[in-house]
>>> print(open('data-v2.cif').read())   # mmCIF, C-alpha atoms
data_input
#
loop_
_atom_site.label_atom_id
_atom_site.label_comp_id
_atom_site.auth_asym_id
_atom_site.auth_seq_id
_atom_site.Cartn_x
_atom_site.Cartn_y
_atom_site.Cartn_z
CA MET L 1 150.77 95.66 175.52
CA ASN L 2 147.08 96.45 175.11
CA GLY L 3 145.04 93.52 173.88
CA VAL L 4 147.79 91.03 174.45
CA ASN L 5 148.11 88.95 177.58
CA ALA L 6 151.20 87.36 178.94
CA VAL L 7 150.72 84.20 176.86
CA GLY L 8 150.46 86.25 173.62
CA VAL L 9 146.72 85.70 172.88
CA LEU L 10 145.13 88.73 171.23
CA TYR L 11 142.00 90.43 172.58
CA GLY L 12 139.72 93.27 171.50
CA LEU L 13 140.50 95.37 168.45
CA GLU L 14 143.92 93.84 168.00
CA ALA L 15 142.31 90.44 167.59
CA ILE L 16 139.84 91.77 165.07
CA ASN L 17 142.60 93.38 163.07
CA ALA L 18 144.76 90.30 163.12
CA HIS L 19 142.07 87.93 161.83
CA ASN L 20 140.42 90.12 159.14
CA GLY L 21 137.43 90.75 161.34
CA TRP L 22 136.51 94.01 159.66
CA ALA L 23 136.36 92.45 156.19
CA ILE L 24 134.26 89.59 157.48
CA SER L 25 131.86 92.06 159.11
CA VAL L 26 131.44 94.09 155.94
CA VAL L 27 130.78 90.97 153.89
CA GLY L 28 128.29 89.70 156.42
CA ILE L 29 126.39 92.97 156.58
CA SER L 30 126.30 93.15 152.77
CA VAL L 31 124.92 89.63 152.46
CA VAL L 32 122.21 90.25 155.03
CA TYR L 33 121.24 93.61 153.50
CA THR L 34 121.09 92.20 149.96
CA GLY L 35 118.95 89.34 151.17
CA LEU L 36 116.54 91.71 152.89
CA VAL L 37 116.24 93.94 149.82
CA THR L 38 115.60 90.92 147.58
CA LEU L 39 112.91 89.70 149.94
CA VAL L 40 111.22 93.10 149.98
CA VAL L 41 111.16 93.26 146.16
CA LEU L 42 109.71 89.75 145.90
CA LEU L 43 107.01 90.53 148.43
CA SER L 44 106.08 93.76 146.62
CA GLN L 45 105.46 91.80 143.39
CA LEU L 46 103.63 88.92 145.04
CA HIS L 47 100.22 90.43 144.28
CA LYS L 48 100.89 90.04 140.54
CA LEU L 49 101.62 86.35 140.94
CA VAL L 50 98.39 85.96 142.91
CA ALA L 51 96.47 87.76 140.14
CA LEU L 52 97.96 85.44 137.51
CA TYR L 53 97.02 82.45 139.65
CA ASP L 54 93.44 83.75 139.87
CA ASP L 55 93.19 84.42 136.12
CA PRO L 56 95.54 82.22 134.06
CA GLY L 57 94.07 83.74 130.86
CA LYS L 58 96.16 86.82 131.51
CA ILE L 59 99.29 84.82 130.73
CA LYS L 60 97.97 84.05 127.26
CA LYS L 61 96.99 87.68 126.80
CA ILE L 62 100.51 88.81 127.70
CA PHE L 63 102.06 86.52 125.10
CA ALA L 64 99.43 87.43 122.53
CA ALA L 65 100.10 91.15 123.05
CA LYS L 66 103.84 90.60 122.69
CA SER L 67 103.45 88.65 119.44
CA GLU L 68 101.10 91.36 118.07
CA SER L 69 103.54 94.14 118.90
CA ALA L 70 106.37 92.15 117.35
CA ALA L 71 104.31 91.61 114.21
CA LYS L 72 103.44 95.30 114.07
CA SER L 73 106.98 96.51 114.61
CA ASP L 74 108.74 94.07 112.35
CA PRO L 75 107.51 94.93 108.84
CA PRO L 76 108.33 98.49 107.75
CA LYS L 77 105.42 100.49 106.36
CA LYS L 78 105.13 100.60 102.60
CA VAL L 79 106.26 103.91 101.19
CA LEU L 80 104.20 105.62 98.53
CA VAL L 81 106.16 106.36 95.38
CA LEU L 82 105.97 110.10 94.74
CA THR L 83 107.02 112.29 91.86
CA GLU L 84 109.75 114.89 92.38
CA ALA L 85 107.12 117.62 92.50
CA GLN L 86 105.23 115.74 95.20
CA LYS L 87 108.45 115.21 97.16
CA GLN L 88 109.08 118.95 97.05
CA VAL L 89 105.56 119.51 98.37
CA CYS L 90 106.30 117.16 101.26
CA ARG L 91 109.44 119.15 102.09
CA GLN L 92 107.42 122.39 102.09
CA TYR L 93 104.84 120.95 104.48
CA ASN L 94 107.63 119.58 106.65
CA LEU L 95 108.79 123.16 107.19
CA LEU L 96 105.26 124.15 108.15
CA ALA L 97 104.88 121.20 110.50
CA GLN L 98 108.14 122.09 112.24
CA ASN L 99 106.61 125.41 113.26
CA MET L 100 103.77 123.64 115.02
CA ASP L 101 103.72 121.84 118.33
CA ASP L 102 104.49 118.16 118.77
CA VAL L 103 100.93 117.39 117.76
CA ILE L 104 99.58 118.87 114.55
CA SER L 105 96.13 120.36 114.17
CA LEU L 106 95.11 119.49 110.64
CA PRO L 107 92.73 122.46 110.21
CA LYS L 108 95.50 124.77 111.42
CA LEU L 109 97.99 123.21 109.01
CA LEU L 110 95.52 123.71 106.20
CA ARG L 111 95.04 127.38 107.14
CA MET L 112 98.80 127.94 107.32
CA ALA L 113 99.25 126.37 103.89
CA GLU L 114 96.58 128.64 102.46
CA ILE L 115 98.11 131.73 104.10
CA CYS L 116 101.55 130.82 102.77
CA GLY L 117 100.11 130.55 99.29
CA LEU L 118 100.99 126.90 98.79
CA GLN L 119 99.26 125.43 95.78
CA ALA L 120 96.41 122.93 96.15
CA PRO L 121 96.65 122.66 99.96
CA HIS L 122 93.66 120.35 100.25
CA ALA L 123 94.96 117.83 97.73
CA ASN L 124 98.48 118.00 99.16
CA ILE L 125 97.36 117.41 102.74
CA ASN L 126 95.38 114.46 101.44
CA LEU L 127 98.60 113.22 99.82
CA LEU L 128 100.44 113.51 103.13
CA ILE L 129 97.73 111.49 104.86
CA LYS L 130 97.67 108.80 102.18
CA SER L 131 101.44 108.50 102.19
CA GLY L 132 101.41 107.95 105.95
CA ILE L 133 103.55 110.99 106.67
CA LEU L 134 100.65 112.53 108.59
CA CYS L 135 99.20 110.03 111.06
CA ALA L 136 96.16 110.52 113.24
CA ASP L 137 96.36 109.94 116.98
CA GLU L 138 93.37 109.14 119.16
CA GLN L 139 92.89 112.70 120.34
CA GLY L 140 91.89 114.26 117.03
CA TYR L 141 95.37 115.52 116.30
CA PHE L 142 98.05 114.34 113.89
CA ARG L 143 101.76 113.72 114.06
CA TRP L 144 104.49 113.97 111.46
CA ASP L 145 106.13 110.59 110.89
CA GLU L 146 109.74 111.58 110.27
CA ASP L 147 110.79 108.05 109.37
CA ILE L 148 108.21 107.67 106.61
CA PHE L 149 108.91 111.23 105.43
CA ILE L 150 112.63 110.55 105.00
CA ARG L 151 112.02 107.27 103.21
CA THR L 152 109.40 108.87 100.98
CA ILE L 153 111.50 111.81 99.80
CA SER L 154 114.73 109.86 99.43
CA MET V 1 79.13 102.51 93.68
CA ASP V 2 76.28 103.63 91.47
CA SER V 3 73.54 104.04 94.03
CA SER V 4 72.99 105.22 97.57
CA ALA V 5 71.78 101.72 98.48
CA ALA V 6 75.21 100.29 97.82
CA CYS V 7 76.82 103.08 99.83
CA LEU V 8 74.38 102.55 102.71
CA SER V 9 75.16 98.84 102.72
CA LYS V 10 78.87 99.64 103.03
CA SER V 11 78.34 102.04 105.92
CA ILE V 12 78.91 100.80 109.48
CA ILE V 13 75.93 102.91 110.56
CA PHE V 14 73.40 101.50 108.11
CA SER V 15 74.79 98.07 107.21
CA GLY V 16 72.75 96.41 109.96
CA LEU V 17 69.51 97.30 108.19
CA ASP V 18 67.85 94.78 105.91
CA ALA V 19 67.45 95.41 102.17
CA ARG V 20 63.87 96.65 102.54
CA ASP V 21 64.79 99.27 105.14
CA ILE V 22 67.75 100.43 103.05
CA GLU V 23 65.53 100.78 99.99
CA ALA V 24 63.17 102.91 102.09
CA LEU V 25 66.08 105.28 102.87
CA VAL V 26 67.24 105.67 99.28
CA PRO V 27 64.77 108.46 98.33
CA LEU V 28 66.11 110.60 101.19
CA PHE V 29 69.58 110.82 99.67
CA SER V 30 70.75 112.86 96.70
CA ARG V 31 74.15 112.58 95.07
CA ARG V 32 76.60 115.45 94.89
CA VAL V 33 80.03 115.55 93.28
CA ILE V 34 82.65 117.14 95.52
CA LEU V 35 85.90 118.90 94.65
CA PRO V 36 88.94 119.71 96.81
CA GLY V 37 88.31 122.88 98.78
CA ASP V 38 84.52 122.59 98.82
CA VAL V 39 83.05 123.44 102.21
CA LEU V 40 80.03 121.20 102.82
CA ALA V 41 79.19 122.60 106.26
CA GLN V 42 80.48 125.56 108.25
CA ALA V 43 80.79 125.56 112.02
CA GLY V 44 78.39 127.99 113.64
CA HIS V 45 75.81 127.81 110.88
CA SER V 46 72.49 126.04 111.24
CA THR V 47 72.55 122.35 110.42
CA GLN V 48 70.83 121.47 107.20
CA PHE V 49 72.41 118.34 105.77
CA PHE V 50 74.41 115.28 106.69
CA PHE V 51 76.75 113.54 104.26
CA LEU V 52 77.37 109.90 103.40
CA LEU V 53 80.72 109.49 101.68
CA GLU V 54 80.76 107.49 98.46
CA GLU V 55 84.24 108.41 97.29
CA GLY V 56 86.92 110.93 98.18
CA THR V 57 88.14 112.38 101.46
CA LEU V 58 86.49 114.74 103.91
CA LEU V 59 88.10 116.73 106.71
CA VAL V 60 85.79 117.26 109.68
CA ALA V 61 87.35 120.10 111.66
CA MET V 62 86.11 120.18 115.25
CA GLU V 63 86.76 122.31 118.30
CA GLU V 64 90.22 122.92 119.78
CA GLY V 65 91.89 122.18 116.46
CA ARG V 66 90.88 118.54 116.50
CA ALA V 67 89.82 116.83 113.30
CA VAL V 68 88.63 113.57 111.83
CA VAL V 69 89.44 112.43 108.30
CA LEU V 70 86.75 110.40 106.58
CA ASN V 71 88.00 108.48 103.56
CA ARG V 72 86.17 105.16 103.51
CA PRO V 73 83.06 104.60 101.40
CA GLY V 74 80.15 104.64 103.80
CA ASP V 75 81.70 107.05 106.29
CA PHE V 76 79.04 109.37 107.64
CA ALA V 77 79.61 113.03 108.45
CA GLY V 78 76.55 113.66 110.55
CA LEU V 79 74.72 113.44 113.84
CA SER V 80 76.69 114.46 116.93
CA MET V 81 80.01 114.45 115.07
CA VAL V 82 79.11 117.65 113.26
CA SER V 83 76.04 119.10 114.94
CA LEU V 84 74.58 120.01 118.31
CA ASN V 85 71.16 121.53 118.97
CA GLY V 86 70.66 122.42 115.34
CA THR V 87 73.99 124.19 114.91
CA ASN V 88 77.07 122.89 113.14
CA THR V 89 79.90 122.21 115.59
CA ALA V 90 82.33 121.24 112.86
CA THR V 91 83.41 122.44 109.45
CA ILE V 92 83.39 119.81 106.73
CA THR V 93 85.90 120.44 103.94
CA VAL V 94 86.67 118.29 100.93
CA LEU V 95 90.29 117.17 100.62
CA GLU V 96 89.94 114.81 97.67
CA LYS V 97 87.62 114.80 94.70
CA GLY V 98 84.75 112.33 94.94
CA ALA V 99 81.05 112.15 95.67
CA VAL V 100 78.76 112.25 98.68
CA TRP V 101 75.15 111.36 99.27
CA VAL V 102 73.40 114.30 100.89
CA VAL V 103 70.50 113.77 103.29
CA PRO V 104 68.49 116.48 105.09
CA CYS V 105 69.32 116.31 108.78
CA ARG V 106 65.65 116.50 109.65
CA ASP V 107 65.00 113.19 107.86
CA ILE V 108 67.70 111.43 109.87
CA LEU V 109 66.38 112.99 113.07
CA ASP V 110 62.86 111.75 112.37
CA LEU V 111 64.25 108.30 111.64
CA THR V 112 66.24 108.04 114.85
CA SER V 113 63.85 109.79 117.22
CA HIS V 114 61.20 107.06 117.13
CA ASP V 115 61.45 103.95 119.25
CA THR V 116 61.82 101.51 116.36
CA GLN V 117 64.17 98.69 115.46
CA VAL V 118 65.52 100.74 112.55
CA ALA V 119 66.38 103.61 114.90
CA GLU V 120 68.07 101.23 117.32
CA ILE V 121 70.16 99.61 114.57
CA ILE V 122 71.22 103.00 113.23
CA MET V 123 72.16 104.38 116.64
CA ASN V 124 74.11 101.22 117.54
CA GLY V 125 75.99 101.50 114.26
CA TRP V 126 76.57 105.18 114.91
CA GLN V 127 78.04 104.53 118.35
CA GLN V 128 80.40 101.96 116.86
CA PHE V 129 81.45 104.30 114.06
CA PHE V 130 81.82 107.28 116.38
CA ALA V 131 83.91 105.34 118.89
CA GLU V 132 86.23 104.27 116.10
CA LYS V 133 86.59 107.61 114.35
CA ALA V 134 86.33 110.12 117.19
CA PRO V 135 87.06 108.40 120.51
CA PHE V 136 88.05 111.74 122.00
CA CYS V 137 84.48 113.07 121.68
CA SER V 138 81.86 112.42 124.32
CA ASN V 139 78.19 111.51 124.03
CA PRO V 140 78.04 109.49 120.82
CA ALA V 141 74.49 108.50 121.72
CA GLU V 142 73.23 112.00 121.05
CA THR V 143 71.72 112.62 117.67
CA GLY V 144 73.06 116.15 117.84
CA VAL V 145 70.11 117.90 116.23
CA ALA V 146 67.30 119.47 118.22
#
>>> encode(input="data-v2.cif", output="structure tokens")
Amino acid sequence: MNGVNAVGVLYGLEAINAHNGWAISVVGISVVYTGLVTLVVLLSQLHKLVALYDDPGKIKKIFAAKSESAAKSDPPKKVLVLTEAQKQVCRQYNLLAQNMDDVISLPKLLRMAEICGLQAPHANINLLIKSGILCADEQGYFRWDEDIFIRTIS
Amino acid sequence: MDSSAACLSKSIIFSGLDARDIEALVPLFSRRVILPGDVLAQAGHSTQFFFLLEEGTLLVAMEEGRAVVLNRPGDFAGLSMVSLNGTNTATITVLEKGAVWVVPCRDILDLTSHDTQVAEIIMNGWQQFFAEKAPFCSNPAETGVA
């Protein structure tokens, strides 16, 4: 028979099949490949470790930034207590804001409120700003804080 | 606040001045009560006055729909935030009832155009205020008025 001599010792593919050679090969290749990938990832991040070694102050800054963000995110913002009339005003301006882009131009919102005939648009937009529903970004635009809006009108 | 001196002392732009310099500025300012909807300056018109906020809220509407809301006592609607080459670049509208101290823009220009310590303190304060309120705008060092 192929792969078997007269004594009965297996050779070639028959020997591989008989002794789980294929499984061992797959495992071996996987181990080597995983090791290589891990090494590549570690080497790609080595420059960050070198930077930290050069400037240990960065480690403190990282922890300080994390504690600041935790402090900022933990306490919920205080919600202004509004009258029912004011809550209705907020709902009206929410409809206007939904017709605008993701960022709100405050002058445009004011013009839209005037065109729609909403009462006291200046005072009401000021109310939205004071309540935190309208928040300024760093580009001169504003965004509608849905979370504060829901908590304010509820 | 019952005087412009107190308002000037609260302002980031003028708080670095000593009491004598602040007292010298007081005669330049005149108080005006503001009501919601009042337009203090219109974009495109010639610049005549700047405004120091005592109380209330101002909306400074700039180009491209951008805006800055001034609501702290001592906030200053003036210089390059609202004007360029003698023309208003922003519209200043009152959102909340209050009061402002009005100063002719020419007086502020004369004050900041000379190479004096007062001018340096004011412009340093202005750069700090401008960077905080309108970081998206360029050239805070400009006085804005020709």
>>> closest_residue(input="data-v2.cif", among="L:Ile125, L:Ile133, L:Leu82, L:Ile148", to="chain V", atoms="all atoms listed in the file")
L:Ile125
>>> closest_atom_pairs(input="data-v2.cif", of="chain L", to="chain V", cutoff="7 Å", atoms="only C-alpha atoms", output="CSV")
residue,atom,partner,partner_atom,distance
L:Ser105,CA,V:Gly65,CA,5.2
L:Leu106,CA,V:Ala67,CA,6.5
L:Pro107,CA,V:Ala61,CA,6.1
L:Lys108,CA,V:Gly65,CA,6.7
L:His122,CA,V:Leu95,CA,4.6
L:Ala123,CA,V:Leu95,CA,5.5
L:Asn126,CA,V:Leu95,CA,5.8
L:Glu138,CA,V:Pro135,CA,6.5
L:Gln139,CA,V:Phe136,CA,5.2
L:Gly140,CA,V:Arg66,CA,4.4
L:Tyr141,CA,V:Arg66,CA,5.4
>>> atom_distance(input="data-v2.cif", atom1="atom CA of Pro56 of chain L", atom2="atom CA of Leu42 of chain L")
19.9 Å
>>> atom_distance(input="data-v2.cif", atom1="atom CA of Leu49 of chain L", atom2="atom CA of Gly35 of chain L")
20.3 Å
>>> residues_around(input="data-v2.cif", residues="Phe76 of chain V", least_positions_apart="5", cutoff="9 Å", atoms="only C-alpha atoms", output="ChimeraX atom specification")
/V:11-13,50-53,70,126,129
